[in-house]
Amino acid sequence: QCQRRDTCPGVQYPNTIHGFRRAKLHCDAAAGGLQQFPAFITQHPVSRVIAQRKENATLKCTATGTGDLSIVWRRVGASTDASSGSSLKFTSKVLSGTQVESTLVFDAVDVSDGGMYSCHASNNFSTSESNLAELAVRPYLVSGPQSAATFINQAVLFTCSILAYPAVRYQWTHKGVVLDLSSTSSGISSERPGELLISPVQQSHDGDYVCSASNDYGLVSSQPVSLVVVAAASSATTVINATNTQSKRVLACPKAGSSYTWYHRGFPIPKAKRSEYTIANLTEETAGTYLCQVDRSTSKTHQYVVQVLVSGRV
């Protein structure tokens with residue numbers, strides 16, 4: 001019979017017939033009964049490593065075997081060894097004459113690294129595969145939605161991108177209340193992950209929205225963004241017919257408050273926080289609807305809408 005397993009240092013085997021047979025071969029080899037013995041995983045990688053994006057992570061395994069013993073890592077679903085990926089690498093070192101340790105290294109983890117991995121030990125006698133190990137990536141925000149302004153009965157589409165492994169589940173809130181996207185009766189729906197469609201827009205849709213997403217290892221939320229709903233353009237609309245695409249236009253908002261936000265085609269214009277906004281170059285790209293939102297101490301008021309119609313070209 002085989003020697004007791006604890007007489008073969010560094011070798012651990014499952015309590016199965018297969019494990020017993022492996023143990024016997026190793027013990028016989030240690031006693032000089034064999035010239036070589038098969039490759040066998042003696043230390044499996046941990047079942048799961050959870051990493052933040054851009055941080056480093058590692059998976060390790062150890063194998064024993066005589067002869068030309070080597071270890072490679074493979075990703076489930078990939079046709080090649082893990083080492084062939086541009087961002088993946090592993091190193092191996094000999095712990096003893098018959099024992100090798102291998103470390104799979106992830107530098108600056110990204111969502112594309114997330115998945116299931118295993119190490120494979122082999123020599124000229126046999127091969128052995130480890131248990132699966134998961135590299136999980138916590139959710140991180142790629143891009144959040146942008147504030148928008150629109151008229152009643154128009155449509156607004158908010159988009160948000162949050163990545164992770166395993167994939168995330170999205171959730172939207174309006175004024176702090178979680179939106180039920182299973183019904184379209186409210187005019188709010190989501191046909192694709194990370195999208196929120198409001199159509200037709202109603203006055204009740206005015207307010208702040210937040211995009212959130214989570215998996216089993218984390219939750220990430222965007223910054224709140226505002227939807228400004230304008231009742232109607234009516235007499236607050238000024239139409240400018242521009243025939244010279246090189247001309248400038250100064251749009252003036254009534255000085256009725258302490259802060260101002262300008263929107264172009266429904267999206268906020270960066271750094272446009274004064275009562276006047278200058279369109280430096282009138283082109284097809286700068287044409288469209290401009291809205292000035294005045295923030296008063298009591299409420300939000302929407303004072304001025306300008307249609308810029310470019311009819312000439314250079």
# chains A, B, ... in the order shown; residues from 1 in each chain; ligands from 1

call {"tool": "residues_around", "arguments": {"residues": "stretch 37-54 of chain A", "least_positions_apart": "3", "cutoff": "6 Å", "atoms": "only C-alpha atoms", "output": "number ranges by chain"}}
result
A: 11-12, 59-66, 108-110, 121-123, 125-128, 130, 133-138

call {"tool": "residues_around", "arguments": {"residues": "stretch 181-196 of chain A", "least_positions_apart": "6", "cutoff": "7 Å", "atoms": "only C-alpha atoms", "output": "list in words"}}
result
Leu157, Phe158, Thr159, Cys160, Ser161 and Tyr170 of chain A

call {"tool": "atom_distance", "arguments": {"atom1": "atom CA of A:Pro254", "atom2": "atom CA of A:Tyr277"}}
result
11.8 Å

call {"tool": "closest_residue", "arguments": {"among": "A:Asn281, A:Ser214, A:Gln146, A:Thr91", "to": "A:Ile269", "atoms": "only C-alpha atoms"}}
result
A:Gln146

call {"tool": "atom_distance", "arguments": {"atom1": "atom CA of A:Asp113", "atom2": "atom CA of A:Phe90"}}
result
13.7 Å

call {"tool": "select_by_dssp", "arguments": {"residues": "stretch 157-239 of chain A", "states": "strand (DSSP E or B)", "output": "PyMOL selection string"}}
result
chain A and resi 157-159+161-165+169-174+177-178+188-189+195-198+207-215+218-221+225-230+237-239

call {"tool": "atom_distance", "arguments": {"atom1": "atom CA of A:Gly115", "atom2": "atom CA of A:Pro145"}}
result
28.1 Å

call {"tool": "closest_residue", "arguments": {"among": "A:Leu227, A:Ile152, A:Leu291, A:Leu69", "to": "A:Tyr260", "atoms": "only C-alpha atoms"}}
result
A:Leu291

call {"tool": "residues_around", "arguments": {"residues": "A:Val156", "least_positions_apart": "5", "cutoff": "7 Å", "atoms": "only C-alpha atoms", "output": "ChimeraX atom specification"}}
result
/A:197-199

call {"tool": "residues_around", "arguments": {"residues": "A:Lys175", "least_positions_apart": "3", "cutoff": "8 Å", "atoms": "only C-alpha atoms", "output": "PyMOL selection string"}}
result
chain A and resi 207-209

call {"tool": "closest_residue", "arguments": {"among": "A:Gln293, A:Ser70, A:Ser112, A:Ser204", "to": "A:His264", "atoms": "only C-alpha atoms"}}
result
A:Gln293

call {"tool": "closest_residue", "arguments": {"among": "A:Cys211, A:Leu132, A:Ala148, A:Val201", "to": "A:Ile162", "atoms": "only C-alpha atoms"}}
result
A:Cys211

call {"tool": "residues_around", "arguments": {"residues": "A:Asn153", "least_positions_apart": "5", "cutoff": "10 Å", "atoms": "only C-alpha atoms", "output": "list in words"}}
result
Ile198, Ser199, Pro200, Val201, Gln202, Gln203, Val229, Val230, Ala231 and Ala232 of chain A

call {"tool": "closest_residue", "arguments": {"among": "A:Val142, A:Leu95, A:Leu179, A:Ala149", "to": "A:Thr289", "atoms": "only C-alpha atoms"}}
result
A:Ala149

call {"tool": "select_by_dssp", "arguments": {"residues": "stretch 79-273 of chain A", "states": "helix (DSSP H, G or I)", "output": "PyMOL selection string"}}
result
chain A and resi 82-84+111-113+203-205+234-236
